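These notes concern the structure reproduced below.
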Amino acid sequence: MSAQAQMRALLDQLMGTARDGDETRQRVKFTDDRVCKSHLLDCCPHDILAGTRMDLGECTKIHDLALRADYEIASKERDLFFELDAMDHLESFIAECDRRTELAKKRLAETQEEISAEVSAKAEKVHELNEEIGKLLAKAEQLGAEGNVDESQKILMEVEKVRAKKKEAEEEYRNSMPASSFQQQKLRVCEVCSAYLGLHDNDRRLADHFGGKLHLGFIQIREKLDQLRKTVAEKQEKRNQDRLRRREEREREERLSRRSGSRTRERRRSRSRDRRRRRSRSTSRERRKSSRSRSRDRHRRHRSRSRSHSRGHRRASRDRSAKYK
């Protein structure tokens with residue numbers, strides 16, 4: 001890649017697709033299904049294992065550093081939950097690698113000379129010490145490349161101790177089987193990257209393997225998968241809690257609404273009863289008033305008739321008295 005292309009890629013990674021107003025690049029959004037979500041999270045195996053013995057070639061989905069920058073900017077404002085897509089991708093890839101590892105183990109078991117369980121355990125111990133030496137040498141080389149010479153020397157001192165243990169383990173393994181069988185190379189499959197390791201591999205070969213891009217790439221992928229699983233579990237738990245909280249709030253609001261409705265209906269019924277009582281009292285008062293008025297009218301009529309009868313009786317009495325005189 002030329003220096004100009006490197007600068008362009010760096011600007012894309014820092015500023016995203018809209019860094020220079022190029023509208024054609026903005027037609028594909030980072031949310032598009034065609035965009036590799038593992039690439040957006042910087043964990044696509046096609047990128048990590050590029051240039052190794054297990055180079056996977058170009059990914060079938062879109063890889064663009066500018067889209068990754070767009071995603072990183074957007075993810076600060078809202079949770080896009082792309083970790084789930086990336087986790088599914090890495091789980092599928094690792095499952096296929098583990099399947100190949102098991103097949104390689106079966107082939108080794110079928111082709112290598114069968115040994116007893118005791119001898120196999122001693123050989124396994126040599127393999128484990130080889131692995132420890134390889135990892136320590138790779139770490140020492142990395143520290144030396146970073147300029148941390150003192151720490152690198154400490155690691156090399158640890159390597160010498162492990163070498164002494166390995167020598168003792170090899171001696172036990174050699175004494176447990178015939179010399180002709182001991183000279184045969186006993187292979188083992190690396191549990192991390194599925195590569196073959198030999199029982200008699202020298203330190204340089206072990207350092208190249210455990211410090212190589214293939215092995216370290218698989219470590220990076222497996223560690224990223226563990227991190228994604230943890231992140232997805234935490235986010236799903238948080239979403240479940242939020243969903244439960246929203247449901248409880250909704251149920252609480254519904255209960256309050258029902259209570260409010262009941263109180264409203266009760267108030268309406270109470271007001272209706274009050275109106276009926278008032279109407280009833282008003283009607284009773286009207287009836288009483290009407291009854292009293294009719295009584296007074298009857299009394300007046302009775303008194304009027306009584307007075308008329310009395311006057312007529314007195315007049316008749318006077319008439320009879322005048323007649324006798």
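Note on naming: chains are A, B, ... as they come in the structure tokens, residues start from 1 per chain, ligands start from 1 in the order shown.
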
Do a neighbour search on Thr60 of chain A at 12 Å with only C-alpha atoms, toss out local chain neighbours closer than 4 positions, and write the hits as a CSV table (one decimal) with N, CA, C and O atoms, in the first residue's frame.
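Below you can see out-v4.csv, which holds the result:
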chain,number,residue,atom,x,y,z
A,33,ASP,N,-27.1,-4.7,5.9
A,33,ASP,CA,-26.8,-6.1,6.1
A,33,ASP,C,-25.6,-6.5,5.4
A,33,ASP,O,-25.0,-7.6,5.7
A,34,ARG,N,-25.3,-5.8,4.3
A,34,ARG,CA,-24.1,-6.2,3.5
A,34,ARG,C,-22.8,-5.9,4.2
A,34,ARG,O,-21.7,-6.4,3.7
A,35,VAL,N,-22.8,-5.1,5.2
A,35,VAL,CA,-21.6,-4.7,5.9
A,35,VAL,C,-21.3,-5.7,7.0
A,35,VAL,O,-22.2,-6.2,7.7
A,36,CYS,N,-20.0,-6.1,7.1
A,36,CYS,CA,-19.5,-7.1,8.1
A,36,CYS,C,-19.5,-6.5,9.5
A,36,CYS,O,-18.7,-5.5,9.7
A,37,LYS,N,-20.4,-7.0,10.4
A,37,LYS,CA,-20.4,-6.4,11.7
A,37,LYS,C,-19.2,-6.8,12.5
A,37,LYS,O,-18.8,-6.1,13.4
A,38,SER,N,-18.6,-7.9,12.2
A,38,SER,CA,-17.3,-8.3,12.9
A,38,SER,C,-16.2,-7.3,12.5
A,38,SER,O,-15.4,-7.0,13.4
A,39,HIS,N,-16.2,-6.9,11.3
A,39,HIS,CA,-15.2,-5.9,10.9
A,39,HIS,C,-15.4,-4.6,11.6
A,39,HIS,O,-14.5,-3.9,12.0
A,44,CYS,N,-13.0,-9.5,12.7
A,44,CYS,CA,-13.3,-10.4,11.6
A,44,CYS,C,-12.1,-11.4,11.4
A,44,CYS,O,-11.0,-10.9,11.2
A,45,PRO,N,-12.3,-12.7,11.4
A,45,PRO,CA,-11.2,-13.6,11.1
A,45,PRO,C,-10.5,-13.4,9.8
A,45,PRO,O,-9.3,-13.7,9.6
A,46,HIS,N,-11.2,-12.9,8.8
A,46,HIS,CA,-10.6,-12.6,7.5
A,46,HIS,C,-9.6,-11.5,7.6
A,46,HIS,O,-8.6,-11.6,6.8
A,56,LEU,N,-8.0,-16.7,5.0
A,56,LEU,CA,-9.4,-17.0,4.5
A,56,LEU,C,-9.8,-16.3,3.3
A,56,LEU,O,-10.9,-16.4,2.8

Report task. Find the residues near Leu214 of chain A: any atom within 7 Å, counting only C-alpha atoms, skip ones fewer than 2 places away on the same chain, and give them as an NGL selection string. Result -> :A and (49 or 52 or 212 or 216-218)

Written selection (C-alpha atoms) as a PDB file, in the first residue's frame:
ATOM      1  CA  LEU A  49      -5.683 -14.263   9.814  1.00  0.00           C
ATOM      2  CA  THR A  52      -1.114 -16.679   7.530  1.00  0.00           C
ATOM      3  CA  GLY A 212       3.503 -16.534  15.160  1.00  0.00           C
ATOM      4  CA  LEU A 216      -1.700 -15.215  18.178  1.00  0.00           C
ATOM      5  CA  GLY A 217      -4.522 -14.495  15.733  1.00  0.00           C
ATOM      6  CA  PHE A 218      -6.513 -17.446  17.045  1.00  0.00           C
TER       7      PHE A 218
END

Requested in this report: Write down as an MDAnalysis selection string the residues of segment 123-251 of chain A whose backbone DSSP state falls under helix (DSSP H, G or I).
Outcome: chainID A and resid 123:145 149:175 179:183 203:210 213:251

Requested in this report: Between A:Ile155, A:Ile62, A:Ile219, A:Ile48, single out the one closest to Ile133 of chain A, counting only C-alpha atoms.
Outcome: A:Ile155

Query raised in the report: So how far away is atom CA of Lys122 of chain A from atom CA of Tyr196 of chain A, in Å?
Result: 18.4 Å

Segment 162-264 of chain A residues near segment 79-89 of chain A within 9 Å, closest pair each, using only C-alpha atoms, as CSV:
residue,atom,partner,partner_atom,distance
A:Lys224,CA,A:Met87,CA,8.7
A:Leu225,CA,A:Met87,CA,6.1
A:Asp226,CA,A:Met87,CA,8.8
A:Leu228,CA,A:Met87,CA,5.8
A:Arg229,CA,A:Met87,CA,6.7
A:Thr231,CA,A:Glu83,CA,7.5
A:Val232,CA,A:Leu84,CA,6.2
A:Lys235,CA,A:Phe81,CA,8.1

Report task. Among the residues of segment 30-222 of chain A, find those DSSP assigns to strand (DSSP E) from the backbone and print them as a PyMOL selection string. Result -> chain A and resi 187-189+196-198

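With only C-alpha atoms as the atoms that count, the minimum distance from His209 of chain A to the choices A:His127, A:Lys105, A:Lys135, A:Arg279 is reached by A:Lys135.
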